[in-house]
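So the structure is just underneath, and the comments pick up after that.
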Amino acid sequence: MNLHGKVPVEQLDDERLTNIERKLVVAVSDMRAPADRAPRRLIAFAGMAMAVAIAGIVGWKLRGDAPTGELVAEVPQRIAINTDTANTLSLGDAVLTSGPASDLVVERTRGRVVIVMTRGTIDMQVTHDPSRVLVVRAGDTEIEDIGTRFTVEYDGTSHVEVRVTEGEVKVKRAGQHVDVAAGFAWTADRGKLTIAALDAVTTVVATAPVQPVGPTVSSTAVTPVTPVTPVGPEAGSTTGSGSDGTSAGSAATVARKAGKSNARIALDKLAIEEPLDVGTKDFNTAIAKYLDLAVSMGDAQDKTEVLYSMAVIQHRARQDRAALYTLSGVIKRQGGKAYRAALWLNVRIECMQRFDDECRQSADLYLRKVPDGVAAGVAQAILTEIARAQ
Amino acid sequence: MTVATLYVEDVLLVDRCLTGEPAATRELFRRHRGRVHACLYRVLGTNRDMDDLLQEAFIQVFQSLRGWRAEASLSTWIDRVSVRVAYRYLSQRGRRIQTDVLDGDEGGATVDGAIVEGPGARRQLARDGVKRLYAVLDELGAASRLAFTLHEIDGRPLSEVAALVGSTVTATKLRVWRARKKIEQAASEDPVLREFIDPAALQAAVKESL
């Protein structure tokens, strides 16, 4: 029986595909919002009215179509929400959804909305209005809207967590502030990190001390590092190996024990540029030839290819300190044919053992000098992973 | 673009998706929707419910994206997810997916059992053949239908099908054989179906798989 190709696929039209895509993006965006937060449920108008009555509000309109900035009374309006169920409150150009057991006060005057949380979780959808400031206060932390969708969780004491799914907010604390854009989160104890990183840290359970993954083959001693250390290479990796001996409770290391991170895999997979061929496979002979070639070239000539090639062979000969020294000679030239390749090899060598500060600096340098391309993406992934672990 | 570069691009795209970037969500969907749709279509034989199925498949992909460890290619991993969605759909909807009634008023290419020639007639014959084939497939269990459609219609090797459905090659081969037998039996009574599936090759395949 040969039916392959006999059943033509009836294509979906563009409109259907666009609708599917749109729904998918929304569904995925909702998925990325904290899953363990209280579900956002619209409650009946009567139920909200009861909450309002309990709070003792003065004439606040609760319909979603309340116009921006409209005031029913001249005095600042206050509404307190403290119920056992989730509630949704329309503020005209903003929608606030509070989770169960949330306790907060919303103060609204012309041009300013301040939401003061005593505890709980709120989800905000805000239309940016330059004539109006919207601020959420959670303890000693202030979150200022810049036109966004974001969530604030506050445990009533010191833990504050802000997740931004659209737009940007400004988080202020202890006289400092940081802008948090979509896809990023901020917590009082970890600072700014990606939402994915926050999810990874909060869902991994700390376990007993992590044993080293495998034997070291590099001449460089692998030293134990403090908790929440960036991943090191797995045992058996051809690019070198070693592992991080971490103390108990390193959630990030526990998570990565299960396998290589995507950034590590990408780094290992992305090949470096091949060196110039000098007609020998012997490392030491090749290095000597490259050196002779470089010396024989005039100052005005571009030596970067020769020096880069020498660094590649030094790296393959496991002379990484020498390779890095050679590469520095290329990188400081700030140009030349092999400049970009040298920057990448620098990243490969510095990040080979572990994603530490030297690795971060090399990836950062690469990204600054070569902001586009696949390698730039890998460098960004490395920086993201380092940031997650901090 | 080399395989290694494509692979790295997959890793980077997944990383971006995991940070919640909507553009990355769209990009991943657009890259893989054609292949996923084609696979689901060949299993089911219709675009009915396809919007929901495609969405369900990709939602499952994004929900479990963190679990992709990059050992398998992203395409293969996504196909695995899609096949699971198809299996669940087939199991839940029962055996009858197509409710279209085959009737003579559709302008079949047969007249009193004789095949009518001509390009329009051949096309109509092919369409009728597809419908009759899927009517037989409707009678199969979900696992057999999946195995048969992925191998015979989607053209995947048995080993790949086995990996996708999470079964052994032997079990998959048996399911495909059972499906072929059923189709052969139906084709013996239906000249349109018989014409469509090439009965000579069918019988040889049945003998070979015994």
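Order determines the names: the first chain of the structure tokens is A, the second B, and so forth; residues in each chain are numbered 1 upward, and ligands are numbered 1 upward as they are shown.
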
Give as JSON, numbers by chain every residue of chain B that touches chain A within 6 Å, counting only C-alpha atoms. {"B": [8, 11, 18, 19, 20, 152, 153, 155, 201, 202]}

Only N, CA, C and O atoms, please: the residues just picked out, written as a PDB file, in the first residue's frame.
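Output contents, as saved in result15.pdb:
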ATOM      1  N   VAL B   8      20.820  25.283  17.463  1.00  0.00           N
ATOM      2  CA  VAL B   8      21.092  26.398  18.363  1.00  0.00           C
ATOM      3  C   VAL B   8      19.948  27.400  18.289  1.00  0.00           C
ATOM      4  O   VAL B   8      19.515  27.954  19.298  1.00  0.00           O
ATOM      5  N   VAL B  11      17.219  26.242  20.442  1.00  0.00           N
ATOM      6  CA  VAL B  11      17.522  26.458  21.863  1.00  0.00           C
ATOM      7  C   VAL B  11      17.248  27.909  22.244  1.00  0.00           C
ATOM      8  O   VAL B  11      16.657  28.208  23.285  1.00  0.00           O
ATOM      9  N   LEU B  18      10.471  30.854  27.075  1.00  0.00           N
ATOM     10  CA  LEU B  18      10.389  30.630  28.518  1.00  0.00           C
ATOM     11  C   LEU B  18      10.442  31.934  29.301  1.00  0.00           C
ATOM     12  O   LEU B  18      10.033  31.979  30.460  1.00  0.00           O
ATOM     13  N   THR B  19      10.951  32.991  28.686  1.00  0.00           N
ATOM     14  CA  THR B  19      10.928  34.281  29.387  1.00  0.00           C
ATOM     15  C   THR B  19       9.599  34.996  29.180  1.00  0.00           C
ATOM     16  O   THR B  19       9.396  36.085  29.700  1.00  0.00           O
ATOM     17  N   GLY B  20       8.688  34.367  28.409  1.00  0.00           N
ATOM     18  CA  GLY B  20       7.349  34.933  28.254  1.00  0.00           C
ATOM     19  C   GLY B  20       7.216  35.950  27.155  1.00  0.00           C
ATOM     20  O   GLY B  20       6.266  36.718  27.125  1.00  0.00           O
ATOM     21  N   GLU B 152       1.645   5.052   7.104  1.00  0.00           N
ATOM     22  CA  GLU B 152       1.263   4.875   5.705  1.00  0.00           C
ATOM     23  C   GLU B 152       0.928   6.199   5.018  1.00  0.00           C
ATOM     24  O   GLU B 152       1.191   6.360   3.841  1.00  0.00           O
ATOM     25  N   ILE B 153       0.288   7.109   5.708  1.00  0.00           N
ATOM     26  CA  ILE B 153      -0.167   8.347   5.056  1.00  0.00           C
ATOM     27  C   ILE B 153       0.839   9.478   5.275  1.00  0.00           C
ATOM     28  O   ILE B 153       1.168  10.212   4.347  1.00  0.00           O
ATOM     29  N   GLY B 155       3.899   8.946   6.101  1.00  0.00           N
ATOM     30  CA  GLY B 155       5.156   8.475   5.535  1.00  0.00           C
ATOM     31  C   GLY B 155       6.315   8.338   6.516  1.00  0.00           C
ATOM     32  O   GLY B 155       7.477   8.376   6.107  1.00  0.00           O
ATOM     33  N   ALA B 201      -0.364  -3.784  -4.265  1.00  0.00           N
ATOM     34  CA  ALA B 201       0.662  -3.469  -3.281  1.00  0.00           C
ATOM     35  C   ALA B 201       0.166  -3.783  -1.874  1.00  0.00           C
ATOM     36  O   ALA B 201       0.934  -4.217  -1.013  1.00  0.00           O
ATOM     37  N   LEU B 202      -1.128  -3.576  -1.637  1.00  0.00           N
ATOM     38  CA  LEU B 202      -1.696  -3.847  -0.321  1.00  0.00           C
ATOM     39  C   LEU B 202      -1.527  -5.307   0.055  1.00  0.00           C
ATOM     40  O   LEU B 202      -1.073  -5.645   1.147  1.00  0.00           O
TER      41      LEU B 202
END

Got a sec: who's within 12 Å of Arg156 of chain B, counting only C-alpha atoms, leaving out chain neighbours fewer than 6 positions off, as a VMD selection string? (chain A and resid 3 to 5) or (chain B and resid 39 42 76 79 146 to 150 162 to 164 172)

Output all heavy atoms for every residue in the selection just made, as a tab-separated table (two decimals), in the first residue's frame.
chain	number	residue	atom	x	y	z
A	3	LEU	N	0.19	5.04	0.31
A	3	LEU	CA	-0.74	6.16	0.47
A	3	LEU	C	-0.03	7.48	0.72
A	3	LEU	O	-0.69	8.51	0.84
A	3	LEU	CB	-1.69	5.87	1.63
A	3	LEU	CG	-2.61	4.68	1.43
A	3	LEU	CD1	-3.41	4.39	2.69
A	3	LEU	CD2	-3.56	4.93	0.26
A	4	HIS	N	1.30	7.42	0.83
A	4	HIS	CA	2.04	8.65	1.12
A	4	HIS	C	1.85	9.63	-0.03
A	4	HIS	O	2.12	9.30	-1.20
A	4	HIS	CB	3.52	8.32	1.32
A	4	HIS	CG	4.33	9.49	1.75
A	4	HIS	ND1	3.91	10.36	2.71
A	4	HIS	CD2	5.55	9.93	1.35
A	4	HIS	CE1	4.84	11.29	2.90
A	4	HIS	NE2	5.83	11.05	2.08
A	5	GLY	N	1.38	10.81	0.28
A	5	GLY	CA	1.15	11.81	-0.76
A	5	GLY	C	-0.22	11.73	-1.39
A	5	GLY	O	-0.58	12.56	-2.22
B	39	CYS	N	0.21	16.88	10.08
B	39	CYS	CA	0.20	15.59	10.80
B	39	CYS	C	-1.19	15.31	11.36
B	39	CYS	O	-1.74	14.22	11.18
B	39	CYS	CB	1.24	15.66	11.92
B	39	CYS	SG	1.25	14.22	12.98
B	42	ARG	N	-3.69	14.46	8.59
B	42	ARG	CA	-3.57	13.11	8.01
B	42	ARG	C	-4.06	12.05	8.98
B	42	ARG	O	-4.53	11.00	8.57
B	42	ARG	CB	-2.12	12.84	7.61
B	42	ARG	CG	-1.71	13.67	6.41
B	42	ARG	CD	-0.35	13.32	5.88
B	42	ARG	NE	0.01	14.28	4.83
B	42	ARG	CZ	1.03	15.12	4.91
B	42	ARG	NH1	1.83	15.11	5.95
B	42	ARG	NH2	1.27	15.96	3.92
B	76	THR	N	10.81	17.16	16.57
B	76	THR	CA	10.42	15.81	17.00
B	76	THR	C	9.65	15.89	18.31
B	76	THR	O	8.63	15.21	18.50
B	76	THR	CB	11.67	14.93	17.21
B	76	THR	OG1	12.42	14.92	16.01
B	76	THR	CG2	11.30	13.51	17.61
B	79	ASP	N	6.22	17.17	17.67
B	79	ASP	CA	5.41	16.13	17.03
B	79	ASP	C	4.88	15.14	18.06
B	79	ASP	O	3.74	14.66	17.97
B	79	ASP	CB	6.24	15.38	15.98
B	79	ASP	CG	6.46	16.21	14.73
B	79	ASP	OD1	5.85	17.30	14.61
B	79	ASP	OD2	7.25	15.79	13.85
B	146	LEU	N	-3.72	5.79	14.69
B	146	LEU	CA	-2.53	6.63	14.75
B	146	LEU	C	-1.35	5.96	14.05
B	146	LEU	O	-0.65	6.56	13.25
B	146	LEU	CB	-2.14	6.90	16.21
B	146	LEU	CG	-2.57	8.21	16.82
B	146	LEU	CD1	-2.10	8.28	18.27
B	146	LEU	CD2	-2.01	9.39	16.04
B	147	ALA	N	-1.13	4.70	14.41
B	147	ALA	CA	0.02	3.99	13.85
B	147	ALA	C	-0.08	3.94	12.33
B	147	ALA	O	0.88	4.21	11.61
B	147	ALA	CB	0.09	2.58	14.44
B	148	PHE	N	-1.25	3.59	11.85
B	148	PHE	CA	-1.43	3.45	10.40
B	148	PHE	C	-1.27	4.78	9.69
B	148	PHE	O	-0.54	4.90	8.70
B	148	PHE	CB	-2.81	2.85	10.10
B	148	PHE	CG	-3.07	2.69	8.63
B	148	PHE	CD1	-2.61	1.58	7.94
B	148	PHE	CD2	-3.75	3.66	7.91
B	148	PHE	CE1	-2.83	1.42	6.58
B	148	PHE	CE2	-3.98	3.52	6.54
B	148	PHE	CZ	-3.51	2.40	5.88
B	149	THR	N	-1.93	5.81	10.15
B	149	THR	CA	-1.89	7.11	9.45
B	149	THR	C	-0.49	7.72	9.49
B	149	THR	O	-0.03	8.29	8.50
B	149	THR	CB	-2.92	8.10	10.03
B	149	THR	OG1	-2.75	8.17	11.45
B	149	THR	CG2	-4.34	7.66	9.71
B	150	LEU	N	0.17	7.59	10.65
B	150	LEU	CA	1.50	8.18	10.73
B	150	LEU	C	2.48	7.44	9.81
B	150	LEU	O	3.38	8.05	9.21
B	150	LEU	CB	2.01	8.14	12.17
B	150	LEU	CG	1.30	9.09	13.16
B	150	LEU	CD1	1.79	8.84	14.59
B	150	LEU	CD2	1.53	10.55	12.78
B	162	ALA	N	6.83	4.53	16.32
B	162	ALA	CA	6.87	3.91	17.64
B	162	ALA	C	7.33	4.90	18.69
B	162	ALA	O	6.75	5.00	19.79
B	162	ALA	CB	7.79	2.69	17.61
B	163	ALA	N	8.36	5.68	18.36
B	163	ALA	CA	8.87	6.68	19.31
B	163	ALA	C	7.83	7.76	19.57
B	163	ALA	O	7.65	8.20	20.70
B	163	ALA	CB	10.15	7.29	18.77
B	164	LEU	N	7.13	8.16	18.54
B	164	LEU	CA	6.13	9.23	18.70
B	164	LEU	C	4.97	8.80	19.59
B	164	LEU	O	4.47	9.58	20.40
B	164	LEU	CB	5.58	9.66	17.34
B	164	LEU	CG	6.48	10.55	16.48
B	164	LEU	CD1	5.82	10.80	15.12
B	164	LEU	CD2	6.77	11.86	17.17
B	172	THR	N	3.80	-1.49	17.16
B	172	THR	CA	3.37	-0.55	16.12
B	172	THR	C	3.16	-1.27	14.80
B	172	THR	O	2.18	-1.03	14.09
B	172	THR	CB	4.44	0.55	15.96
B	172	THR	OG1	4.67	1.18	17.22
B	172	THR	CG2	4.02	1.60	14.95

Residues near segment 348-350 of chain A, cut-off 12 Å, only C-alpha atoms, skip fewer than 2 positions along chain, as an NGL selection string: :A and (232-233 or 239-240 or 263-273 or 311-312 or 314-316 or 318-325 or 327 or 341-346 or 352-366 or 375 or 378-379 or 382)

Identify which of the residues B:Gly45, B:Ile183, B:Ala38, B:Leu28 lies closest to Phe62 of chain B, counting only C-alpha atoms when measuring atom-to-atom distances. B:Leu28

What's around Tyr134 of chain B at 9 Å? Count only C-alpha atoms, leave out sequence neighbours fewer than 2 positions away in its own chain, and write the answer as a PyMOL selection string. chain B and resi 44-45+97-98+129-132+136-139

Export of the given selection (all heavy atoms) as a compact mmCIF listing (two decimals), in the first residue's frame:
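Here's the written file result_19.txt:
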# COMPACT_ATOMS: atom_id res chain seq x y z
N LEU B 44 -6.57 12.61 11.17
CA LEU B 44 -8.02 12.76 11.33
C LEU B 44 -8.78 12.81 10.01
O LEU B 44 -9.96 12.51 9.97
CB LEU B 44 -8.31 14.05 12.11
CG LEU B 44 -7.64 14.11 13.48
CD1 LEU B 44 -7.85 15.47 14.12
CD2 LEU B 44 -8.19 13.02 14.39
N GLY B 45 -8.15 13.27 8.94
CA GLY B 45 -8.80 13.31 7.65
C GLY B 45 -9.74 14.47 7.46
O GLY B 45 -10.48 14.54 6.48
N ILE B 97 -15.11 9.97 13.56
CA ILE B 97 -14.69 11.36 13.47
C ILE B 97 -15.43 12.05 12.35
O ILE B 97 -15.97 13.12 12.49
CB ILE B 97 -13.16 11.46 13.20
CG1 ILE B 97 -12.38 10.71 14.26
CG2 ILE B 97 -12.73 12.89 13.08
CD1 ILE B 97 -12.52 11.27 15.64
N GLN B 98 -15.47 11.40 11.19
CA GLN B 98 -16.15 12.00 10.06
C GLN B 98 -17.61 11.63 10.10
O GLN B 98 -17.95 10.45 10.17
CB GLN B 98 -15.56 11.46 8.76
CG GLN B 98 -14.27 12.11 8.36
CD GLN B 98 -13.84 11.66 7.00
OE1 GLN B 98 -13.42 10.54 6.84
NE2 GLN B 98 -13.97 12.51 6.02
N GLY B 129 -12.04 8.32 -2.71
CA GLY B 129 -11.17 7.31 -2.11
C GLY B 129 -10.71 7.74 -0.73
O GLY B 129 -10.71 6.92 0.20
N VAL B 130 -10.37 8.99 -0.58
CA VAL B 130 -9.94 9.50 0.73
C VAL B 130 -11.07 9.35 1.75
O VAL B 130 -10.88 8.89 2.87
CB VAL B 130 -9.49 10.96 0.61
CG1 VAL B 130 -9.29 11.58 1.99
CG2 VAL B 130 -8.18 11.07 -0.18
N LYS B 131 -12.25 9.76 1.31
CA LYS B 131 -13.39 9.69 2.24
C LYS B 131 -13.65 8.25 2.67
O LYS B 131 -13.89 7.96 3.85
CB LYS B 131 -14.65 10.25 1.57
CG LYS B 131 -14.71 11.75 1.58
CD LYS B 131 -16.04 12.23 1.06
CE LYS B 131 -16.07 13.74 1.05
NZ LYS B 131 -17.22 14.27 0.30
N ARG B 132 -13.60 7.33 1.70
CA ARG B 132 -13.89 5.93 2.04
C ARG B 132 -12.78 5.35 2.91
O ARG B 132 -13.04 4.55 3.81
CB ARG B 132 -14.05 5.12 0.75
CG ARG B 132 -15.36 5.42 0.04
CD ARG B 132 -15.34 4.98 -1.42
NE ARG B 132 -16.31 5.74 -2.19
CZ ARG B 132 -17.50 5.26 -2.58
NH1 ARG B 132 -17.84 4.02 -2.29
NH2 ARG B 132 -18.32 6.02 -3.27
N VAL B 136 -13.22 3.88 6.85
CA VAL B 136 -12.72 2.62 7.41
C VAL B 136 -11.86 2.91 8.64
O VAL B 136 -11.96 2.22 9.67
CB VAL B 136 -11.89 1.85 6.37
CG1 VAL B 136 -11.32 0.57 6.97
CG2 VAL B 136 -12.74 1.53 5.15
N LEU B 137 -11.04 3.94 8.55
CA LEU B 137 -10.19 4.30 9.69
C LEU B 137 -11.02 4.66 10.91
O LEU B 137 -10.59 4.44 12.05
CB LEU B 137 -9.26 5.46 9.33
CG LEU B 137 -8.18 5.16 8.27
CD1 LEU B 137 -7.37 6.40 7.94
CD2 LEU B 137 -7.25 4.05 8.75
N ASP B 138 -12.20 5.21 10.66
CA ASP B 138 -13.09 5.54 11.77
C ASP B 138 -13.44 4.32 12.61
O ASP B 138 -13.80 4.44 13.79
CB ASP B 138 -14.40 6.16 11.24
CG ASP B 138 -14.24 7.63 10.91
OD1 ASP B 138 -13.20 8.20 11.27
OD2 ASP B 138 -15.16 8.20 10.29
N GLU B 139 -13.37 3.14 11.98
CA GLU B 139 -13.73 1.92 12.70
C GLU B 139 -12.60 1.40 13.57
O GLU B 139 -12.78 0.48 14.38
CB GLU B 139 -14.12 0.82 11.69
CG GLU B 139 -15.29 1.19 10.79
CD GLU B 139 -16.55 1.45 11.59
OE1 GLU B 139 -16.81 0.70 12.55
OE2 GLU B 139 -17.26 2.42 11.28

May I ask which of the residues B:Asp128, B:Glu160, B:Asp154, B:Asp10 is the closest one to Val43 of chain B, counting only C-alpha atoms?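 Of the candidates, the smallest distance to Val43 of chain B is held by B:Asp154.
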
Interatomic distance, atom CA of Ser328 of chain A to atom CA of Lys369 of chain A (Å, one decimal):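 Straight-line distance from atom CA of Ser328 of chain A to atom CA of Lys369 of chain A works out to 14.4 Å.
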
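Of the residues under consideration (B:Leu140, B:Leu90, B:Ala186, B:Leu158), B:Leu90 shows the shortest atom-to-atom contact distance to Asp49 of chain B when counting only C-alpha atoms.
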
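Computed from the coordinates, the atom CA of Thr304 of chain A to atom CA of Ala338 of chain A distance equals 5.3 Å.
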
Please extract the residues of segment 102-202 of chain A with a backbone DSSP assignment of strand (DSSP E) and present them as a PyMOL selection string. chain A and resi 103-109+112-126+133-138+141-154+160-173+176-181+184-187+191-194

C-alpha atoms of the current selection, written as a PDB file, in the first residue's frame:
ATOM      1  CA  ASP A 103      -6.412  43.373  52.279  1.00  0.00           C
ATOM      2  CA  LEU A 104      -5.867  46.668  50.522  1.00  0.00           C
ATOM      3  CA  VAL A 105      -7.045  50.218  50.235  1.00  0.00           C
ATOM      4  CA  VAL A 106      -7.440  52.129  46.973  1.00  0.00           C
ATOM      5  CA  GLU A 107      -7.168  55.892  47.238  1.00  0.00           C
ATOM      6  CA  ARG A 108      -8.122  57.908  44.235  1.00  0.00           C
ATOM      7  CA  THR A 109      -7.860  61.600  43.601  1.00  0.00           C
ATOM      8  CA  ARG A 112      -3.426  59.952  41.187  1.00  0.00           C
ATOM      9  CA  VAL A 113      -4.402  56.420  42.210  1.00  0.00           C
ATOM     10  CA  VAL A 114      -2.629  54.798  45.105  1.00  0.00           C
ATOM     11  CA  ILE A 115      -3.259  51.191  46.054  1.00  0.00           C
ATOM     12  CA  VAL A 116      -1.949  50.365  49.503  1.00  0.00           C
ATOM     13  CA  MET A 117      -1.631  46.672  50.190  1.00  0.00           C
ATOM     14  CA  THR A 118      -1.674  45.265  53.683  1.00  0.00           C
ATOM     15  CA  ARG A 119      -1.334  41.747  52.308  1.00  0.00           C
ATOM     16  CA  GLY A 120      -2.475  39.530  49.431  1.00  0.00           C
ATOM     17  CA  THR A 121      -2.198  39.465  45.672  1.00  0.00           C
ATOM     18  CA  ILE A 122      -3.422  41.889  43.070  1.00  0.00           C
ATOM     19  CA  ASP A 123      -3.331  41.700  39.311  1.00  0.00           C
ATOM     20  CA  MET A 124      -3.326  45.022  37.503  1.00  0.00           C
ATOM     21  CA  GLN A 125      -4.204  45.854  33.923  1.00  0.00           C
ATOM     22  CA  VAL A 126      -3.446  49.493  33.363  1.00  0.00           C
ATOM     23  CA  VAL A 133      -0.024  58.348  38.295  1.00  0.00           C
ATOM     24  CA  LEU A 134      -0.908  54.869  39.495  1.00  0.00           C
ATOM     25  CA  VAL A 135       1.146  53.499  42.332  1.00  0.00           C
ATOM     26  CA  VAL A 136       0.937  50.256  44.302  1.00  0.00           C
ATOM     27  CA  ARG A 137       2.468  50.294  47.778  1.00  0.00           C
ATOM     28  CA  ALA A 138       3.417  46.999  49.425  1.00  0.00           C
ATOM     29  CA  THR A 141       8.120  48.962  48.191  1.00  0.00           C
ATOM     30  CA  GLU A 142       6.401  51.144  45.597  1.00  0.00           C
ATOM     31  CA  ILE A 143       5.468  49.994  42.135  1.00  0.00           C
ATOM     32  CA  GLU A 144       4.670  52.760  39.672  1.00  0.00           C
ATOM     33  CA  ASP A 145       2.746  52.024  36.509  1.00  0.00           C
ATOM     34  CA  ILE A 146       4.068  53.006  33.112  1.00  0.00           C
ATOM     35  CA  GLY A 147       1.196  51.344  31.188  1.00  0.00           C
ATOM     36  CA  THR A 148       1.162  47.700  31.956  1.00  0.00           C
ATOM     37  CA  ARG A 149      -0.176  44.425  33.108  1.00  0.00           C
ATOM     38  CA  PHE A 150       1.483  43.292  36.282  1.00  0.00           C
ATOM     39  CA  THR A 151       0.959  41.360  39.487  1.00  0.00           C
ATOM     40  CA  VAL A 152       2.033  42.227  43.002  1.00  0.00           C
ATOM     41  CA  GLU A 153       2.191  39.741  45.828  1.00  0.00           C
ATOM     42  CA  TYR A 154       2.880  40.895  49.367  1.00  0.00           C
ATOM     43  CA  VAL A 160       7.179  41.454  47.851  1.00  0.00           C
ATOM     44  CA  GLU A 161       7.030  39.958  44.404  1.00  0.00           C
ATOM     45  CA  VAL A 162       6.252  41.878  41.216  1.00  0.00           C
ATOM     46  CA  ARG A 163       5.690  40.167  37.871  1.00  0.00           C
ATOM     47  CA  VAL A 164       5.226  42.155  34.671  1.00  0.00           C
ATOM     48  CA  THR A 165       3.547  40.508  31.701  1.00  0.00           C
ATOM     49  CA  GLU A 166       3.012  43.610  29.554  1.00  0.00           C
ATOM     50  CA  GLY A 167       4.561  47.044  29.456  1.00  0.00           C
ATOM     51  CA  GLU A 168       6.797  48.289  32.214  1.00  0.00           C
ATOM     52  CA  VAL A 169       6.704  49.355  35.850  1.00  0.00           C
ATOM     53  CA  LYS A 170       9.142  51.221  38.044  1.00  0.00           C
ATOM     54  CA  VAL A 171       9.867  49.563  41.383  1.00  0.00           C
ATOM     55  CA  LYS A 172      11.166  51.811  44.142  1.00  0.00           C
ATOM     56  CA  ARG A 173      12.638  50.658  47.426  1.00  0.00           C
ATOM     57  CA  GLN A 176      16.590  53.077  44.695  1.00  0.00           C
ATOM     58  CA  HIS A 177      14.474  52.195  41.724  1.00  0.00           C
ATOM     59  CA  VAL A 178      14.544  49.705  38.893  1.00  0.00           C
ATOM     60  CA  ASP A 179      12.464  49.489  35.727  1.00  0.00           C
ATOM     61  CA  VAL A 180      10.907  46.073  35.235  1.00  0.00           C
ATOM     62  CA  ALA A 181       9.677  45.255  31.760  1.00  0.00           C
ATOM     63  CA  PHE A 184      10.679  40.150  34.081  1.00  0.00           C
ATOM     64  CA  ALA A 185       9.988  40.026  37.755  1.00  0.00           C
ATOM     65  CA  TRP A 186      11.323  41.711  40.858  1.00  0.00           C
ATOM     66  CA  THR A 187      11.441  40.372  44.380  1.00  0.00           C
ATOM     67  CA  GLY A 191      16.005  41.802  42.816  1.00  0.00           C
ATOM     68  CA  LYS A 192      15.255  41.775  39.110  1.00  0.00           C
ATOM     69  CA  LEU A 193      15.125  38.481  37.260  1.00  0.00           C
ATOM     70  CA  THR A 194      13.124  36.906  34.478  1.00  0.00           C
TER      71      THR A 194
END
